[in-house]
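Listing of input-v4.cif, mmCIF, C-alpha atoms
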data_final
loop_
_atom_site.label_atom_id
_atom_site.label_comp_id
_atom_site.auth_asym_id
_atom_site.auth_seq_id
_atom_site.Cartn_x
_atom_site.Cartn_y
_atom_site.Cartn_z
CA MET A 97 100.61 59.29 158.18
CA GLU A 98 103.22 61.63 159.64
CA ILE A 99 106.91 61.21 158.92
CA VAL A 100 109.70 63.20 160.57
CA ILE A 101 112.97 63.63 158.67
CA ARG A 102 116.26 64.21 160.48
CA LEU A 103 119.78 64.67 159.14
CA ASP A 104 123.01 63.31 160.62
CA GLU A 105 124.80 66.67 160.65
CA PRO A 106 123.44 68.74 163.58
CA LYS A 107 125.65 71.77 162.88
CA GLN A 108 124.24 72.18 159.38
CA ALA A 109 120.79 70.68 160.00
CA GLU A 110 118.78 73.88 159.68
CA GLU A 111 120.37 75.00 156.42
CA GLU A 112 120.26 71.52 154.90
CA LEU A 113 116.67 70.85 156.04
CA ARG A 114 115.60 74.13 154.46
CA SER A 115 117.27 72.98 151.25
CA LEU A 116 115.53 69.58 151.40
CA TYR A 117 112.19 71.28 152.19
CA THR A 118 112.50 73.49 149.08
CA TRP A 119 113.60 70.49 147.01
CA LEU A 120 110.61 68.39 148.10
CA LEU A 121 108.20 71.26 147.44
CA SER A 122 109.44 71.41 143.86
CA GLU A 123 108.11 67.87 143.30
CA PRO A 124 104.47 68.10 142.04
CA GLU A 125 103.56 64.67 143.48
CA LEU A 126 104.66 65.75 146.97
CA ARG A 127 102.96 69.15 146.74
CA ARG A 128 99.75 67.38 145.81
CA HIS A 129 99.81 64.56 148.39
CA ALA A 130 101.82 65.80 151.36
CA ARG A 131 101.98 68.70 153.80
CA LEU A 132 105.52 69.75 154.70
CA SER A 133 106.74 71.88 157.59
CA LEU A 134 110.02 72.71 159.29
CA ALA A 135 110.17 72.50 163.09
CA SER A 136 112.26 72.03 166.18
CA SER A 137 112.13 68.75 168.06
CA ARG A 138 112.75 70.60 171.34
CA ALA A 139 110.17 72.53 173.33
CA PRO A 140 110.87 76.29 173.31
CA GLU A 141 112.49 77.72 176.42
CA PRO A 142 110.49 80.40 178.24
CA GLY A 143 111.52 83.84 176.97
CA ALA A 144 113.46 82.44 174.03
CA GLN A 145 112.72 83.63 170.49
CA GLY A 146 112.70 80.09 169.19
CA ASP A 147 114.90 77.11 168.66
CA MET A 148 116.93 75.83 165.75
CA ILE A 149 115.07 73.88 163.09
CA ASP A 150 116.20 70.28 163.28
CA VAL A 151 113.34 68.29 161.72
CA LEU A 152 111.25 68.32 158.58
CA SER A 153 107.73 67.00 159.10
CA LEU A 154 105.67 65.45 156.32
CA VAL A 155 102.02 64.52 156.61
CA LEU A 156 101.47 62.09 153.77
CA GLY A 157 98.20 61.61 151.92
CA THR A 158 96.94 58.25 150.71
CA GLY A 159 97.62 58.98 147.03
CA LEU A 160 101.37 59.51 147.44
CA ASN A 161 103.68 57.43 145.29
CA THR A 162 106.50 56.39 147.63
CA GLY A 163 108.85 56.36 144.66
CA ALA A 164 108.43 60.12 144.25
CA LEU A 165 109.50 60.73 147.85
CA ALA A 166 112.42 58.31 147.63
CA LEU A 167 113.63 59.69 144.29
CA SER A 168 113.44 63.26 145.60
CA ILE A 169 115.47 62.38 148.70
CA ALA A 170 118.07 60.40 146.71
CA THR A 171 118.41 63.14 144.09
CA TRP A 172 118.69 65.86 146.75
CA ARG A 173 121.41 63.83 148.54
CA SER A 174 123.35 63.57 145.27
CA THR A 175 123.50 67.39 145.03
CA ARG A 176 125.03 67.87 148.47
CA PRO A 177 128.79 68.34 148.86
CA ARG A 178 128.70 65.75 151.66
CA GLN A 179 126.37 62.75 151.43
CA MET A 180 124.33 63.19 154.59
CA THR A 181 122.41 60.39 156.19
CA VAL A 182 118.66 61.03 156.09
CA THR A 183 116.51 59.34 158.74
CA LEU A 184 112.75 59.05 158.29
CA GLU A 185 110.70 58.20 161.37
CA ARG A 186 107.03 57.34 161.67
CA SER A 187 104.90 58.52 164.58
CA ASP A 188 104.89 54.96 165.97
CA GLY A 189 108.69 55.10 166.35
CA ARG A 190 109.62 52.94 163.35
CA SER A 191 112.40 54.47 161.31
CA VAL A 192 114.60 53.92 158.31
CA THR A 193 117.91 55.51 157.38
CA VAL A 194 118.66 56.46 153.79
CA THR A 195 122.34 56.28 152.95
CA ALA A 196 121.77 54.87 149.49
CA THR A 197 123.54 56.27 146.51
CA SER A 198 120.98 54.93 144.03
CA PRO A 199 117.33 55.93 143.72
CA GLN A 200 116.36 52.22 143.74
CA GLU A 201 118.05 51.64 147.11
CA ALA A 202 116.45 54.79 148.53
CA GLN A 203 113.06 53.65 147.24
CA ARG A 204 113.41 50.24 148.91
CA ALA A 205 114.29 51.94 152.21
CA VAL A 206 111.36 54.39 152.05
CA GLU A 207 108.92 51.67 150.95
CA SER A 208 110.02 49.42 153.81
CA LEU A 209 108.92 52.17 156.19
CA LEU A 210 105.74 53.34 154.45
CA ASP A 211 104.33 50.16 152.92
CA ASN A 212 103.93 48.47 156.29
CA ASP A 213 101.51 51.15 157.46
CA PRO A 214 98.28 49.57 158.76
CA GLY A 215 96.25 52.18 156.88
CA ASP A 216 96.67 55.12 159.24
CA ALA A 217 95.99 58.16 157.13
CA SER A 218 94.66 60.24 160.01
CA GLY A 219 95.43 63.87 159.52
CA ALA A 220 96.56 63.26 155.96
CA PRO A 221 95.94 66.03 153.45
CA SER A 222 93.28 65.39 150.87
#
Render the structure in this file as C-alpha coordinates.
Amino acid sequence: MEIVIRLDEPKQAEEELRSLYTWLLSEPELRRHARLSLASSRAPEPGAQGDMIDVLSLVLGTGLNTGALALSIATWRSTRPRQMTVTLERSDGRSVTVTATSPQEAQRAVESLLDNDPGDASGAPS
(Lines of atoms letter the chains of each structure in order from A and count residues from 1; the text may use other names and numbers.)
(Lines give C-alpha, C1' and ligand atoms only; values in the text may rest on other atoms or scores of the structure.)
Protein backbone atom coordinates (compact mmCIF):
# COMPACT_ATOMS: atom_id res chain seq x y z
CA MET A 1 0.00 0.00 0.00
CA GLU A 2 1.25 3.50 -0.79
CA ILE A 3 0.87 6.35 1.67
CA VAL A 4 1.70 9.99 0.93
CA ILE A 5 2.62 12.25 3.86
CA ARG A 6 2.08 16.01 3.71
CA LEU A 7 2.76 18.71 6.29
CA ASP A 8 0.63 21.76 7.06
CA GLU A 9 3.48 24.26 6.70
CA PRO A 10 4.18 24.76 2.96
CA LYS A 11 7.02 27.26 3.52
CA GLN A 12 9.02 24.77 5.57
CA ALA A 13 7.70 21.57 3.98
CA GLU A 14 10.89 20.54 2.19
CA GLU A 15 13.16 20.98 5.20
CA GLU A 16 10.70 19.34 7.59
CA LEU A 17 9.92 16.45 5.22
CA ARG A 18 13.64 15.77 4.87
CA SER A 19 13.85 15.69 8.67
CA LEU A 20 10.88 13.29 8.91
CA TYR A 21 12.36 11.12 6.12
CA THR A 22 15.65 10.79 8.03
CA TRP A 23 13.76 10.14 11.27
CA LEU A 24 11.66 7.36 9.71
CA LEU A 25 14.73 5.76 8.13
CA SER A 26 16.30 5.50 11.58
CA GLU A 27 13.48 3.15 12.64
CA PRO A 28 14.54 -0.49 11.89
CA GLU A 29 10.92 -1.65 11.48
CA LEU A 30 10.29 0.95 8.78
CA ARG A 31 13.58 0.30 7.00
CA ARG A 32 12.68 -3.38 6.87
CA HIS A 33 9.02 -3.08 5.77
CA ALA A 34 8.69 0.18 3.86
CA ARG A 35 10.23 2.05 0.95
CA LEU A 36 10.47 5.81 1.50
CA SER A 37 11.03 8.58 -1.02
CA LEU A 38 10.76 12.36 -1.17
CA ALA A 39 8.92 13.90 -4.12
CA SER A 40 6.99 16.82 -5.50
CA SER A 41 3.24 16.55 -5.96
CA ARG A 42 3.43 18.87 -8.97
CA ALA A 43 4.54 17.89 -12.46
CA PRO A 44 7.86 19.52 -13.43
CA GLU A 45 7.66 22.54 -15.70
CA PRO A 46 9.46 22.22 -19.04
CA GLY A 47 13.01 23.57 -18.72
CA ALA A 48 12.85 23.75 -14.94
CA GLN A 49 15.50 22.05 -12.81
CA GLY A 50 12.89 20.56 -10.53
CA ASP A 51 10.25 21.49 -8.05
CA MET A 52 10.18 21.80 -4.29
CA ILE A 53 9.74 18.60 -2.31
CA ASP A 54 6.32 18.69 -0.69
CA VAL A 55 5.46 15.02 -0.07
CA LEU A 56 7.02 11.97 1.51
CA SER A 57 5.92 8.72 -0.10
CA LEU A 58 5.90 5.40 1.74
CA VAL A 59 5.25 2.05 0.12
CA LEU A 60 4.34 -0.20 3.02
CA GLY A 61 5.00 -3.93 3.17
CA THR A 62 2.61 -6.42 4.73
CA GLY A 63 4.79 -7.05 7.79
CA LEU A 64 4.77 -3.45 9.02
CA ASN A 65 3.62 -2.82 12.57
CA THR A 66 1.44 0.30 12.34
CA GLY A 67 2.49 1.20 15.86
CA ALA A 68 6.08 1.70 14.70
CA LEU A 69 4.98 4.21 12.05
CA ALA A 70 2.65 6.04 14.43
CA LEU A 71 5.22 6.17 17.23
CA SER A 72 7.88 7.49 14.85
CA ILE A 73 5.58 10.24 13.57
CA ALA A 74 4.44 11.22 17.09
CA THR A 75 7.99 11.24 18.43
CA TRP A 76 9.26 13.26 15.45
CA ARG A 77 6.44 15.80 15.96
CA SER A 78 7.45 16.17 19.62
CA THR A 79 10.97 17.24 18.57
CA ARG A 80 9.79 20.06 16.31
CA PRO A 81 9.71 23.65 17.59
CA ARG A 82 6.19 23.95 16.16
CA GLN A 83 3.80 21.00 16.30
CA MET A 84 3.00 20.55 12.62
CA THR A 85 -0.03 18.72 11.39
CA VAL A 86 0.90 15.55 9.51
CA THR A 87 -1.56 14.23 6.93
CA LEU A 88 -1.30 10.66 5.65
CA GLU A 89 -3.22 9.83 2.48
CA ARG A 90 -3.81 6.48 0.82
CA SER A 91 -3.81 6.06 -2.95
CA ASP A 92 -7.61 5.62 -2.86
CA GLY A 93 -7.99 9.15 -1.44
CA ARG A 94 -8.71 8.22 2.18
CA SER A 95 -6.69 10.29 4.61
CA VAL A 96 -6.09 10.91 8.27
CA THR A 97 -4.55 13.90 10.02
CA VAL A 98 -2.21 13.42 12.96
CA THR A 99 -2.32 16.29 15.42
CA ALA A 100 -2.05 14.05 18.46
CA THR A 101 0.34 14.83 21.23
CA SER A 102 0.43 11.26 22.52
CA PRO A 103 1.77 8.19 20.73
CA GLN A 104 -1.48 6.35 21.54
CA GLU A 105 -3.60 8.98 19.78
CA ALA A 106 -1.24 8.97 16.79
CA GLN A 107 -1.42 5.18 16.66
CA ARG A 108 -5.24 5.21 16.64
CA ALA A 109 -5.20 7.73 13.78
CA VAL A 110 -2.69 5.75 11.70
CA GLU A 111 -4.44 2.44 12.40
CA SER A 112 -7.79 3.91 11.35
CA LEU A 113 -6.25 4.61 7.95
CA LEU A 114 -4.17 1.45 7.49
CA ASP A 115 -6.25 -1.25 9.18
CA ASN A 116 -9.19 -0.76 6.83
CA ASP A 117 -7.07 -1.70 3.82
CA PRO A 118 -8.77 -4.47 1.80
CA GLY A 119 -5.44 -6.28 1.48
CA ASP A 120 -3.86 -4.19 -1.26
CA ALA A 121 -0.15 -4.79 -0.91
CA SER A 122 0.58 -4.27 -4.59
CA GLY A 123 3.99 -2.80 -5.09
CA ALA A 124 4.88 -3.36 -1.46
CA PRO A 125 8.50 -4.13 -0.66
CA SER A 126 9.27 -7.65 0.43
To test your reading of the syntax: which residues would the PyMOL selection byres ((chain A and resi 110) around 7) return for the file shown? Reply as a ChimeraX atom specification. /A:108-109,111-114,148-150
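Of the residues under consideration (A:Gln179, A:Ser122, A:Ser208, A:Ser153), A:Ser153 shows the shortest atom-to-atom contact distance to Glu98 (chain A) when counting only C-alpha atoms.
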Pick from A:His129, A:Gly189, A:Thr195, A:Leu160: nearest to Ser174 (chain A), with only C-alpha atoms counted? A:Thr195
In the coordinate frame of the file, compute which residues have an atom within 9 Å of (117.4, 54.5, 159.4) when using all atoms listed in the file, and state them as a PyMOL selection string. chain A and resi 181-185+190-195+205
Report, in Å with one decimal, the straight-line distance from CA of Thr158 (chain A) to CA of Ala202 (chain A). 19.9 Å
